[in-house]
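Structure record follows, encoded as C-alpha coordinates.
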Amino acid sequence: RVSFMNNQKPQKPTLSGQRFKTRKRDEKERFDPTQFQDCIIQGLTETGTDLEAVAKFLDASGAKLDYRRYAETLFDILVAGGMLAPGGTLADDMTRTNVCVFAAQEDLETMQAFAQVFNKLIRRYKYLEKGFEDEVKKLLLFLKGFSESERNKLAMLTGILLANGTLNASILNSLYNENLVKEGVSAAFAVKLFKSWINEKDINAVAVSLRKVNMDNRLMELFPANKQSVEHFSKYFTEAGLKELSEYVRNQQTIGARKELQKELQEQMSRGDPFKDIILYVKEEMKKNNISEQTVVAIIWSSVMSTVEWNKKEELVAEQAIKHLKQYSPLLAAFTTQGQSELTLLLKIQEYCYDNIHFMKAFQKIVVLFYKAEVLSEEPILKWYKDAHLAKGKSVFLEQMKKFVEWLKNAEEGKQQLSSQVE
(Lines give C-alpha, C1' and ligand atoms only; values in the text may rest on other atoms or scores of the structure.)
Protein backbone atom coordinates (compact mmCIF):
# COMPACT_ATOMS: atom_id res chain seq x y z
CA ARG A 1 0.00 0.00 0.00
CA VAL A 2 2.87 2.38 0.84
CA SER A 3 4.54 1.70 -2.46
CA PHE A 4 1.28 2.31 -4.38
CA MET A 5 0.74 5.69 -2.67
CA ASN A 6 4.31 6.74 -3.35
CA ASN A 7 3.91 5.90 -7.01
CA GLN A 8 0.72 7.99 -7.29
CA LYS A 9 1.95 11.08 -5.48
CA PRO A 10 4.34 12.66 -7.99
CA GLN A 11 1.85 12.57 -10.88
CA LYS A 12 -0.92 14.69 -9.36
CA PRO A 13 1.02 17.82 -8.40
CA THR A 14 3.05 17.83 -11.62
CA LEU A 15 0.02 17.77 -13.90
CA SER A 16 -2.39 20.04 -11.99
CA GLY A 17 0.40 22.27 -10.73
CA GLN A 18 1.57 23.14 -14.20
CA ARG A 19 -1.95 23.89 -15.38
CA PHE A 20 -2.63 25.98 -12.31
CA LYS A 21 0.51 28.08 -12.78
CA THR A 22 -0.21 28.72 -16.42
CA ARG A 23 -3.78 29.75 -15.63
CA LYS A 24 -2.58 32.11 -12.92
CA ARG A 25 -0.10 33.71 -15.30
CA ASP A 26 -2.78 34.14 -17.96
CA GLU A 27 -5.12 35.66 -15.39
CA LYS A 28 -2.49 38.08 -14.20
CA GLU A 29 -1.96 39.42 -17.70
CA ARG A 30 -5.64 39.51 -18.54
CA PHE A 31 -6.85 41.04 -15.26
CA ASP A 32 -4.36 43.81 -14.78
CA PRO A 33 -5.91 47.25 -14.02
CA THR A 34 -2.94 49.10 -15.53
CA GLN A 35 -3.29 47.26 -18.82
CA PHE A 36 -7.07 47.77 -18.75
CA GLN A 37 -6.57 51.48 -18.08
CA ASP A 38 -4.07 51.82 -20.94
CA CYS A 39 -6.47 50.14 -23.39
CA ILE A 40 -9.38 52.43 -22.41
CA ILE A 41 -7.28 55.60 -22.38
CA GLN A 42 -5.68 54.80 -25.74
CA GLY A 43 -9.13 54.16 -27.26
CA LEU A 44 -10.59 57.38 -25.81
CA THR A 45 -7.63 59.44 -26.99
CA GLU A 46 -8.12 58.04 -30.51
CA THR A 47 -11.85 58.87 -30.56
CA GLY A 48 -11.18 62.44 -29.38
CA THR A 49 -14.02 64.62 -28.08
CA ASP A 50 -16.66 63.12 -30.40
CA LEU A 51 -18.92 61.59 -27.74
CA GLU A 52 -20.84 59.51 -30.31
CA ALA A 53 -17.53 57.86 -31.23
CA VAL A 54 -16.72 57.46 -27.51
CA ALA A 55 -20.03 55.62 -26.95
CA LYS A 56 -19.34 53.30 -29.93
CA PHE A 57 -15.79 52.59 -28.73
CA LEU A 58 -17.04 51.71 -25.20
CA ASP A 59 -19.77 49.50 -26.67
CA ALA A 60 -17.28 47.54 -28.79
CA SER A 61 -14.61 47.32 -26.05
CA GLY A 62 -17.01 45.55 -23.67
CA ALA A 63 -16.70 42.43 -25.78
CA LYS A 64 -12.88 42.39 -25.45
CA LEU A 65 -12.20 43.93 -22.04
CA ASP A 66 -13.45 42.79 -18.64
CA TYR A 67 -15.85 45.60 -17.65
CA ARG A 68 -17.33 43.46 -14.89
CA ARG A 69 -14.05 43.24 -13.00
CA TYR A 70 -12.83 46.75 -13.79
CA ALA A 71 -16.02 48.78 -13.52
CA GLU A 72 -14.47 51.15 -10.98
CA THR A 73 -11.40 51.79 -13.18
CA LEU A 74 -13.61 52.32 -16.23
CA PHE A 75 -15.83 54.89 -14.49
CA ASP A 76 -12.86 56.63 -12.84
CA ILE A 77 -11.38 57.19 -16.33
CA LEU A 78 -14.66 58.39 -17.86
CA VAL A 79 -15.23 60.88 -15.02
CA ALA A 80 -11.72 61.97 -13.97
CA GLY A 81 -9.48 60.88 -16.89
CA GLY A 82 -7.58 58.19 -14.97
CA MET A 83 -7.62 55.94 -11.91
CA LEU A 84 -8.35 57.87 -8.71
CA ALA A 85 -6.32 57.44 -5.56
CA PRO A 86 -8.16 57.50 -2.19
CA GLY A 87 -9.38 61.05 -1.54
CA GLY A 88 -10.02 61.76 -5.21
CA THR A 89 -6.58 62.70 -6.57
CA LEU A 90 -5.08 61.45 -9.83
CA ALA A 91 -1.64 59.92 -9.34
CA ASP A 92 1.05 61.92 -11.21
CA ASP A 93 2.69 58.87 -12.76
CA MET A 94 -0.62 57.53 -14.12
CA THR A 95 -1.59 57.68 -17.78
CA ARG A 96 -4.59 59.96 -18.25
CA THR A 97 -6.97 61.23 -20.92
CA ASN A 98 -8.72 64.53 -21.52
CA VAL A 99 -11.76 62.73 -22.90
CA CYS A 100 -13.59 62.76 -19.56
CA VAL A 101 -16.21 64.68 -17.60
CA PHE A 102 -13.67 66.68 -15.56
CA ALA A 103 -11.82 67.94 -18.66
CA ALA A 104 -15.04 68.84 -20.54
CA GLN A 105 -16.75 72.23 -20.75
CA GLU A 106 -18.70 73.26 -17.67
CA ASP A 107 -22.18 73.60 -19.16
CA LEU A 108 -25.47 71.69 -19.08
CA GLU A 109 -25.42 70.74 -22.76
CA THR A 110 -22.00 69.04 -22.51
CA MET A 111 -23.06 67.19 -19.35
CA GLN A 112 -26.25 66.02 -21.10
CA ALA A 113 -24.08 64.58 -23.89
CA PHE A 114 -21.87 62.80 -21.32
CA ALA A 115 -24.99 61.47 -19.58
CA GLN A 116 -25.93 59.83 -22.90
CA VAL A 117 -22.55 58.06 -22.98
CA PHE A 118 -23.20 56.57 -19.51
CA ASN A 119 -26.83 55.70 -20.41
CA LYS A 120 -25.82 53.82 -23.55
CA LEU A 121 -23.00 51.99 -21.79
CA ILE A 122 -25.20 50.85 -18.88
CA ARG A 123 -28.11 49.89 -21.15
CA ARG A 124 -25.71 47.77 -23.21
CA TYR A 125 -24.00 46.18 -20.19
CA LYS A 126 -26.73 45.95 -17.52
CA TYR A 127 -24.34 44.41 -14.98
CA LEU A 128 -22.58 47.82 -14.75
CA GLU A 129 -25.60 49.40 -13.01
CA LYS A 130 -24.50 48.49 -9.49
CA GLY A 131 -20.86 49.36 -10.17
CA PHE A 132 -21.85 52.77 -11.50
CA GLU A 133 -24.00 53.50 -8.46
CA ASP A 134 -21.10 52.54 -6.17
CA GLU A 135 -18.77 54.74 -8.25
CA VAL A 136 -21.00 57.83 -7.88
CA LYS A 137 -21.35 57.24 -4.11
CA LYS A 138 -17.53 57.10 -3.91
CA LEU A 139 -17.09 60.22 -6.08
CA LEU A 140 -19.45 62.16 -3.80
CA LEU A 141 -17.34 61.19 -0.79
CA PHE A 142 -14.24 62.44 -2.69
CA LEU A 143 -15.76 65.89 -3.44
CA LYS A 144 -13.21 67.77 -1.34
CA GLY A 145 -10.42 66.34 -3.53
CA PHE A 146 -11.91 67.90 -6.68
CA SER A 147 -11.76 71.49 -7.91
CA GLU A 148 -14.88 73.65 -7.80
CA SER A 149 -15.31 73.32 -11.56
CA GLU A 150 -14.99 69.51 -11.37
CA ARG A 151 -17.58 69.42 -8.57
CA ASN A 152 -19.96 71.56 -10.64
CA LYS A 153 -19.67 69.25 -13.65
CA LEU A 154 -20.18 66.17 -11.50
CA ALA A 155 -23.22 67.79 -9.84
CA MET A 156 -24.82 68.64 -13.20
CA LEU A 157 -24.14 65.15 -14.55
CA THR A 158 -25.52 63.48 -11.40
CA GLY A 159 -28.71 65.59 -11.57
CA ILE A 160 -29.29 64.56 -15.21
CA LEU A 161 -28.66 60.87 -14.45
CA LEU A 162 -31.06 61.04 -11.48
CA ALA A 163 -33.68 62.63 -13.74
CA ASN A 164 -33.46 59.94 -16.42
CA GLY A 165 -33.44 57.08 -13.93
CA THR A 166 -29.87 55.85 -14.56
CA LEU A 167 -29.11 56.60 -10.90
CA ASN A 168 -31.20 56.01 -7.79
CA ALA A 169 -31.70 58.89 -5.33
CA SER A 170 -30.19 56.74 -2.54
CA ILE A 171 -26.72 57.83 -3.80
CA LEU A 172 -27.43 61.19 -2.10
CA ASN A 173 -26.68 59.50 1.23
CA SER A 174 -23.00 60.18 0.51
CA LEU A 175 -23.68 63.93 0.76
CA TYR A 176 -24.56 63.52 4.44
CA ASN A 177 -20.92 62.78 5.21
CA GLU A 178 -20.03 64.83 8.30
CA ASN A 179 -16.94 66.56 6.84
CA LEU A 180 -18.65 67.47 3.56
CA VAL A 181 -21.63 68.91 5.47
CA LYS A 182 -19.46 70.83 7.96
CA GLU A 183 -17.43 72.55 5.24
CA GLY A 184 -20.49 73.51 3.17
CA VAL A 185 -19.46 71.26 0.27
CA SER A 186 -22.66 69.18 0.40
CA ALA A 187 -25.06 72.14 0.24
CA ALA A 188 -23.14 73.86 -2.61
CA PHE A 189 -23.03 70.59 -4.58
CA ALA A 190 -26.75 70.00 -3.94
CA VAL A 191 -27.61 73.39 -5.49
CA LYS A 192 -26.05 72.45 -8.86
CA LEU A 193 -27.39 68.91 -8.68
CA PHE A 194 -31.01 69.93 -7.98
CA LYS A 195 -30.88 72.68 -10.61
CA SER A 196 -29.99 70.21 -13.36
CA TRP A 197 -32.41 67.56 -11.97
CA ILE A 198 -35.36 69.99 -11.89
CA ASN A 199 -34.32 71.37 -15.30
CA GLU A 200 -34.65 67.85 -16.78
CA LYS A 201 -37.91 66.99 -14.97
CA ASP A 202 -39.78 69.11 -12.39
CA ILE A 203 -40.06 69.38 -8.62
CA ASN A 204 -42.89 66.81 -8.49
CA ALA A 205 -40.79 64.15 -10.23
CA VAL A 206 -37.89 64.97 -7.89
CA ALA A 207 -40.23 64.63 -4.88
CA VAL A 208 -41.41 61.18 -6.05
CA SER A 209 -37.80 59.94 -6.43
CA LEU A 210 -36.83 61.28 -2.98
CA ARG A 211 -39.92 59.76 -1.35
CA LYS A 212 -39.16 56.30 -2.80
CA VAL A 213 -35.87 56.16 -0.88
CA ASN A 214 -37.14 57.96 2.27
CA MET A 215 -34.98 60.97 1.48
CA ASP A 216 -37.86 63.47 1.32
CA ASN A 217 -37.52 64.42 5.00
CA ARG A 218 -33.71 64.43 5.16
CA LEU A 219 -32.72 67.36 2.94
CA MET A 220 -32.05 69.65 5.88
CA GLU A 221 -29.21 67.31 6.87
CA LEU A 222 -27.20 68.94 4.06
CA PHE A 223 -26.47 71.59 6.73
CA PRO A 224 -24.75 71.24 10.13
CA ALA A 225 -27.07 70.58 13.11
CA ASN A 226 -27.06 74.25 14.23
CA LYS A 227 -28.34 75.33 10.79
CA GLN A 228 -30.98 72.64 10.28
CA SER A 229 -34.03 74.89 10.18
CA VAL A 230 -36.66 75.49 7.50
CA GLU A 231 -35.76 79.20 7.56
CA HIS A 232 -32.05 78.59 6.87
CA PHE A 233 -32.75 75.96 4.18
CA SER A 234 -35.33 78.18 2.52
CA LYS A 235 -33.07 81.26 2.49
CA TYR A 236 -30.04 79.33 1.15
CA PHE A 237 -31.82 77.57 -1.71
CA THR A 238 -34.11 80.49 -2.62
CA GLU A 239 -31.08 82.78 -2.96
CA ALA A 240 -29.45 80.09 -5.13
CA GLY A 241 -32.47 80.19 -7.47
CA LEU A 242 -34.23 77.06 -6.19
CA LYS A 243 -37.41 78.52 -4.72
CA GLU A 244 -39.44 75.38 -5.65
CA LEU A 245 -37.07 73.20 -3.60
CA SER A 246 -37.38 75.59 -0.62
CA GLU A 247 -41.18 75.43 -0.83
CA TYR A 248 -41.09 71.65 -1.14
CA VAL A 249 -39.01 71.30 2.04
CA ARG A 250 -41.27 73.77 3.86
CA ASN A 251 -44.31 71.68 2.86
CA GLN A 252 -42.58 68.47 3.94
CA GLN A 253 -41.86 69.96 7.35
CA THR A 254 -45.49 71.05 7.70
CA ILE A 255 -46.72 67.58 6.68
CA GLY A 256 -44.37 66.02 9.26
CA ALA A 257 -45.55 68.45 11.93
CA ARG A 258 -49.22 67.72 11.06
CA LYS A 259 -48.68 63.97 11.42
CA GLU A 260 -46.99 64.47 14.78
CA LEU A 261 -49.79 66.80 15.90
CA GLN A 262 -52.49 64.27 14.95
CA LYS A 263 -50.66 61.42 16.69
CA GLU A 264 -50.20 63.44 19.90
CA LEU A 265 -53.81 64.68 19.79
CA GLN A 266 -55.17 61.15 19.59
CA GLU A 267 -53.01 60.12 22.53
CA GLN A 268 -54.20 63.10 24.60
CA MET A 269 -57.84 62.34 23.77
CA SER A 270 -57.51 58.64 24.62
CA ARG A 271 -55.94 59.62 27.98
CA GLY A 272 -58.82 62.02 28.55
CA ASP A 273 -56.60 65.09 29.03
CA PRO A 274 -58.50 68.32 29.90
CA PHE A 275 -59.50 70.38 26.86
CA LYS A 276 -57.69 73.45 28.16
CA ASP A 277 -54.38 71.49 28.10
CA ILE A 278 -55.08 70.11 24.61
CA ILE A 279 -55.98 73.60 23.30
CA LEU A 280 -52.80 75.08 24.77
CA TYR A 281 -50.66 72.32 23.20
CA VAL A 282 -52.31 72.70 19.77
CA LYS A 283 -51.90 76.49 19.78
CA GLU A 284 -48.19 76.15 20.61
CA GLU A 285 -47.73 73.66 17.74
CA MET A 286 -49.59 75.97 15.35
CA LYS A 287 -47.26 78.83 16.20
CA LYS A 288 -44.08 76.73 16.18
CA ASN A 289 -44.77 75.01 12.83
CA ASN A 290 -46.76 77.76 11.14
CA ILE A 291 -49.88 75.57 10.81
CA SER A 292 -53.11 77.34 9.84
CA GLU A 293 -56.36 77.15 11.82
CA GLN A 294 -58.07 75.49 8.82
CA THR A 295 -55.48 72.68 8.86
CA VAL A 296 -55.83 72.27 12.62
CA VAL A 297 -59.64 72.05 12.60
CA ALA A 298 -59.42 69.31 9.96
CA ILE A 299 -56.90 67.40 12.12
CA ILE A 300 -59.08 67.77 15.24
CA TRP A 301 -62.19 66.56 13.37
CA SER A 302 -60.29 63.52 12.07
CA SER A 303 -58.87 62.76 15.54
CA VAL A 304 -62.25 63.14 17.25
CA MET A 305 -63.93 60.77 14.76
CA SER A 306 -61.20 58.14 15.09
CA THR A 307 -61.36 57.86 18.89
CA VAL A 308 -64.62 55.89 18.93
CA GLU A 309 -65.94 52.54 17.66
CA TRP A 310 -69.02 53.49 15.64
CA ASN A 311 -72.24 51.49 15.71
CA LYS A 312 -72.93 49.60 12.47
CA LYS A 313 -76.67 50.32 12.64
CA GLU A 314 -77.66 53.49 10.82
CA GLU A 315 -80.53 54.28 13.17
CA LEU A 316 -78.22 54.20 16.20
CA VAL A 317 -75.09 55.85 14.76
CA ALA A 318 -76.64 59.35 14.51
CA GLU A 319 -77.54 59.34 18.20
CA GLN A 320 -74.06 58.05 19.10
CA ALA A 321 -72.40 60.71 16.91
CA ILE A 322 -74.39 63.58 18.45
CA LYS A 323 -73.54 62.44 21.96
CA HIS A 324 -69.84 62.05 21.09
CA LEU A 325 -69.53 65.34 19.17
CA LYS A 326 -71.41 67.32 21.83
CA GLN A 327 -68.67 66.32 24.25
CA TYR A 328 -65.91 67.55 21.88
CA SER A 329 -67.62 70.71 20.60
CA PRO A 330 -65.68 73.05 23.00
CA LEU A 331 -62.42 71.74 21.50
CA LEU A 332 -63.62 72.34 17.93
CA ALA A 333 -65.06 75.75 18.86
CA ALA A 334 -61.58 76.88 20.01
CA PHE A 335 -60.30 76.46 16.43
CA THR A 336 -63.20 77.85 14.38
CA THR A 337 -62.57 81.52 15.03
CA GLN A 338 -62.49 82.30 11.26
CA GLY A 339 -65.20 81.80 8.65
CA GLN A 340 -62.76 79.82 6.48
CA SER A 341 -62.09 77.39 9.35
CA GLU A 342 -65.85 76.84 9.80
CA LEU A 343 -66.20 76.15 6.07
CA THR A 344 -63.29 73.69 6.24
CA LEU A 345 -65.05 71.86 9.08
CA LEU A 346 -68.33 71.74 7.11
CA LEU A 347 -66.54 70.20 4.12
CA LYS A 348 -64.82 67.65 6.37
CA ILE A 349 -68.19 66.69 7.89
CA GLN A 350 -69.69 66.33 4.39
CA GLU A 351 -66.76 64.20 3.24
CA TYR A 352 -66.92 61.99 6.33
CA CYS A 353 -70.68 61.42 6.09
CA TYR A 354 -70.36 60.56 2.39
CA ASP A 355 -67.40 58.16 2.89
CA ASN A 356 -69.07 56.41 5.87
CA ILE A 357 -72.46 55.30 4.59
CA HIS A 358 -74.04 54.93 8.08
CA PHE A 359 -73.56 58.70 8.55
CA MET A 360 -75.42 59.78 5.39
CA LYS A 361 -78.56 60.72 7.35
CA ALA A 362 -76.64 62.25 10.27
CA PHE A 363 -75.15 65.22 8.37
CA GLN A 364 -77.86 67.77 9.16
CA LYS A 365 -78.02 66.73 12.83
CA ILE A 366 -74.24 67.23 13.22
CA VAL A 367 -74.38 70.69 11.59
CA VAL A 368 -77.32 71.78 13.77
CA LEU A 369 -75.52 70.51 16.90
CA PHE A 370 -72.41 72.53 15.99
CA TYR A 371 -74.55 75.59 15.26
CA LYS A 372 -76.13 75.37 18.73
CA ALA A 373 -72.69 74.78 20.33
CA GLU A 374 -71.33 77.87 18.54
CA VAL A 375 -68.80 75.86 16.56
CA LEU A 376 -70.48 76.93 13.29
CA SER A 377 -72.25 80.21 12.47
CA GLU A 378 -74.90 81.29 9.93
CA GLU A 379 -72.67 82.78 7.23
CA PRO A 380 -70.39 79.77 6.53
CA ILE A 381 -73.41 77.39 6.60
CA LEU A 382 -75.25 79.55 4.05
CA LYS A 383 -72.12 79.83 1.91
CA TRP A 384 -71.65 76.04 2.03
CA TYR A 385 -75.29 75.55 1.00
CA LYS A 386 -75.16 78.09 -1.83
CA ASP A 387 -71.91 77.27 -3.65
CA ALA A 388 -69.09 76.00 -1.40
CA HIS A 389 -70.21 72.37 -0.92
CA LEU A 390 -68.45 69.34 -2.39
CA ALA A 391 -69.96 67.24 -5.18
CA LYS A 392 -69.89 64.16 -2.91
CA GLY A 393 -73.52 63.32 -2.06
CA LYS A 394 -74.53 66.95 -2.51
CA SER A 395 -78.17 66.26 -3.51
CA VAL A 396 -78.73 64.20 -0.33
CA PHE A 397 -77.03 66.72 1.98
CA LEU A 398 -78.57 69.83 0.40
CA GLU A 399 -82.01 68.24 0.74
CA GLN A 400 -81.32 67.48 4.42
CA MET A 401 -80.21 71.07 5.02
CA LYS A 402 -83.03 72.79 3.12
CA LYS A 403 -85.36 73.49 6.06
CA PHE A 404 -82.57 74.50 8.40
CA VAL A 405 -81.12 76.89 5.81
CA GLU A 406 -84.57 78.44 5.29
CA TRP A 407 -84.81 78.88 9.03
CA LEU A 408 -81.39 80.57 9.13
CA LYS A 409 -82.44 82.93 6.36
CA ASN A 410 -85.58 83.84 8.26
CA ALA A 411 -83.38 84.45 11.30
CA GLU A 412 -84.82 84.72 14.77
CA GLU A 413 -88.41 83.62 14.39
CA GLY A 414 -87.73 79.88 14.11
CA LYS A 415 -85.97 79.15 17.39
CA GLN A 416 -88.85 77.00 18.53
CA GLN A 417 -88.72 75.02 15.29
CA LEU A 418 -84.98 74.51 15.73
CA SER A 419 -85.46 72.94 19.17
CA SER A 420 -88.07 70.51 17.90
CA GLN A 421 -85.94 69.70 14.83
CA VAL A 422 -82.92 68.74 16.95
CA GLU A 423 -85.04 66.65 19.25
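Order determines the names: the first chain of the C-alpha coordinates is A, the second B, and so forth; residues in each chain are numbered 1 upward, and ligands are numbered 1 upward as they are shown.
Using only C-alpha atoms, the contacts of Val117 of chain A at a cut-off of 10 Å, with sequence neighbours closer than 2 positions omitted, comprise Leu51, Glu52, Ala53, Val54, Ala55, Lys56, Leu58, Asp59, Leu78, Met111, Gln112, Ala113, Phe114, Ala115, Asn119, Lys120, Leu121 and Ile122 of chain A.
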Please dump the current selection as a short mmCIF file (atom, residue, chain, number, x, y, z; two decimals), in the first residue's frame; keep all heavy atoms.
data_model
loop_
_atom_site.label_atom_id
_atom_site.label_comp_id
_atom_site.auth_asym_id
_atom_site.auth_seq_id
_atom_site.Cartn_x
_atom_site.Cartn_y
_atom_site.Cartn_z
N LEU A 51 -18.33 62.50 -28.73
CA LEU A 51 -18.92 61.59 -27.74
C LEU A 51 -19.72 60.45 -28.36
O LEU A 51 -19.91 59.41 -27.73
CB LEU A 51 -19.77 62.38 -26.73
CG LEU A 51 -18.97 63.34 -25.82
CD1 LEU A 51 -19.88 63.99 -24.81
CD2 LEU A 51 -17.83 62.62 -25.11
N GLU A 52 -20.20 60.63 -29.58
CA GLU A 52 -20.84 59.51 -30.31
C GLU A 52 -19.82 58.41 -30.54
O GLU A 52 -20.10 57.23 -30.32
CB GLU A 52 -21.38 60.01 -31.67
CG GLU A 52 -22.72 60.70 -31.60
CD GLU A 52 -23.86 59.74 -31.28
OE1 GLU A 52 -23.81 58.59 -31.75
OE2 GLU A 52 -24.78 60.14 -30.54
N ALA A 53 -18.61 58.82 -30.98
CA ALA A 53 -17.53 57.86 -31.23
C ALA A 53 -17.09 57.21 -29.93
O ALA A 53 -16.79 56.01 -29.89
CB ALA A 53 -16.35 58.57 -31.90
N VAL A 54 -17.08 57.99 -28.84
CA VAL A 54 -16.72 57.46 -27.51
C VAL A 54 -17.69 56.34 -27.12
O VAL A 54 -17.29 55.26 -26.69
CB VAL A 54 -16.72 58.58 -26.44
CG1 VAL A 54 -16.64 58.01 -25.03
CG2 VAL A 54 -15.56 59.55 -26.68
N ALA A 55 -19.01 56.61 -27.30
CA ALA A 55 -20.03 55.62 -26.95
C ALA A 55 -19.85 54.34 -27.76
O ALA A 55 -19.96 53.23 -27.23
CB ALA A 55 -21.42 56.20 -27.18
N LYS A 56 -19.54 54.49 -29.06
CA LYS A 56 -19.34 53.30 -29.93
C LYS A 56 -18.11 52.52 -29.49
O LYS A 56 -18.11 51.29 -29.46
CB LYS A 56 -19.20 53.75 -31.39
CG LYS A 56 -20.55 54.07 -32.03
CD LYS A 56 -20.38 54.57 -33.45
CE LYS A 56 -21.75 55.02 -33.99
NZ LYS A 56 -21.60 55.82 -35.22
N LEU A 58 -16.76 52.39 -26.48
CA LEU A 58 -17.04 51.71 -25.20
C LEU A 58 -17.93 50.49 -25.42
O LEU A 58 -17.75 49.45 -24.79
CB LEU A 58 -17.71 52.67 -24.22
CG LEU A 58 -16.83 53.82 -23.70
CD1 LEU A 58 -17.66 54.83 -22.95
CD2 LEU A 58 -15.71 53.28 -22.80
N ASP A 59 -18.87 50.62 -26.34
CA ASP A 59 -19.77 49.50 -26.67
C ASP A 59 -18.96 48.32 -27.20
O ASP A 59 -19.11 47.19 -26.75
CB ASP A 59 -20.79 49.98 -27.71
CG ASP A 59 -21.89 48.97 -27.91
OD1 ASP A 59 -21.58 47.80 -28.19
OD2 ASP A 59 -23.08 49.34 -27.79
N LEU A 78 -13.64 57.61 -17.15
CA LEU A 78 -14.66 58.39 -17.86
C LEU A 78 -15.01 59.69 -17.13
O LEU A 78 -15.34 60.69 -17.75
CB LEU A 78 -15.93 57.56 -18.06
CG LEU A 78 -15.82 56.39 -19.04
CD1 LEU A 78 -17.09 55.56 -19.05
CD2 LEU A 78 -15.50 56.89 -20.45
N MET A 111 -22.78 68.24 -20.35
CA MET A 111 -23.06 67.19 -19.35
C MET A 111 -24.21 66.28 -19.82
O MET A 111 -24.23 65.09 -19.52
CB MET A 111 -23.38 67.81 -17.99
CG MET A 111 -22.17 68.46 -17.33
SD MET A 111 -20.73 67.35 -17.19
CE MET A 111 -19.58 68.09 -18.33
N GLN A 112 -25.17 66.85 -20.55
CA GLN A 112 -26.25 66.02 -21.10
C GLN A 112 -25.70 65.02 -22.11
O GLN A 112 -26.13 63.87 -22.16
CB GLN A 112 -27.32 66.91 -21.76
CG GLN A 112 -28.22 67.60 -20.74
CD GLN A 112 -29.02 68.75 -21.34
OE1 GLN A 112 -28.63 69.34 -22.35
NE2 GLN A 112 -30.13 69.09 -20.71
N ALA A 113 -24.71 65.48 -22.91
CA ALA A 113 -24.08 64.58 -23.89
C ALA A 113 -23.30 63.47 -23.19
O ALA A 113 -23.35 62.30 -23.59
CB ALA A 113 -23.14 65.39 -24.80
N PHE A 114 -22.60 63.82 -22.09
CA PHE A 114 -21.87 62.80 -21.32
C PHE A 114 -22.85 61.81 -20.66
O PHE A 114 -22.57 60.62 -20.57
CB PHE A 114 -20.97 63.44 -20.26
CG PHE A 114 -19.54 63.58 -20.71
CD1 PHE A 114 -19.05 64.79 -21.15
CD2 PHE A 114 -18.70 62.47 -20.73
CE1 PHE A 114 -17.73 64.92 -21.59
CE2 PHE A 114 -17.39 62.58 -21.17
CZ PHE A 114 -16.90 63.82 -21.60
N ALA A 115 -23.98 62.35 -20.19
CA ALA A 115 -24.99 61.47 -19.58
C ALA A 115 -25.44 60.41 -20.57
O ALA A 115 -25.66 59.25 -20.20
CB ALA A 115 -26.19 62.30 -19.11
N ASN A 119 -25.56 56.41 -20.18
CA ASN A 119 -26.83 55.70 -20.41
C ASN A 119 -26.65 54.55 -21.38
O ASN A 119 -27.09 53.42 -21.13
CB ASN A 119 -27.88 56.65 -21.00
CG ASN A 119 -28.43 57.59 -19.95
OD1 ASN A 119 -28.29 57.34 -18.76
ND2 ASN A 119 -29.05 58.67 -20.38
N LYS A 120 -26.01 54.85 -22.51
CA LYS A 120 -25.82 53.82 -23.55
C LYS A 120 -24.98 52.66 -23.03
O LYS A 120 -25.29 51.50 -23.26
CB LYS A 120 -25.15 54.44 -24.79
CG LYS A 120 -26.11 55.30 -25.62
CD LYS A 120 -25.35 55.99 -26.75
CE LYS A 120 -26.28 56.95 -27.50
NZ LYS A 120 -25.53 57.77 -28.47
N LEU A 121 -23.90 53.01 -22.33
CA LEU A 121 -23.00 51.99 -21.79
C LEU A 121 -23.72 51.06 -20.81
O LEU A 121 -23.61 49.83 -20.89
CB LEU A 121 -21.82 52.68 -21.10
CG LEU A 121 -20.76 51.78 -20.45
CD1 LEU A 121 -20.09 50.90 -21.48
CD2 LEU A 121 -19.72 52.63 -19.72
N ILE A 122 -24.52 51.65 -19.92
CA ILE A 122 -25.20 50.85 -18.88
C ILE A 122 -26.38 50.08 -19.46
O ILE A 122 -26.69 48.98 -19.02
CB ILE A 122 -25.58 51.76 -17.68
CG1 ILE A 122 -24.29 52.15 -16.93
CG2 ILE A 122 -26.52 51.06 -16.70
CD1 ILE A 122 -24.39 53.35 -16.07
#
Report summary line: Residue with the minimum atom-to-atom distance to Ala257 of chain A, picked from A:Leu376, A:Leu346, A:Cys39, A:Met286 with only C-alpha atoms counted, is A:Met286
Report task. Just list the residues in segment 159-279 of chain A DSSP gives alpha helix (DSSP H) on the backbone, as a ChimeraX atom specification. Result -> /A:159-163,178-182,185-200,203-212,230-239,243-271,275-279
Query - Residue with smallest distance to Leu347 of chain A - pool A:Asn164, A:Gln294, A:Gln266, A:Ser377, counting only C-alpha atoms - result: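 Ranked by minimum distance to Leu347 of chain A, first place goes to A:Gln294.
You can rank A:Leu210, A:Ala373, A:Leu162, A:Val185 by their closest distance to Lys144 of chain A using only C-alpha atoms, and at the top of that list sits A:Val185.
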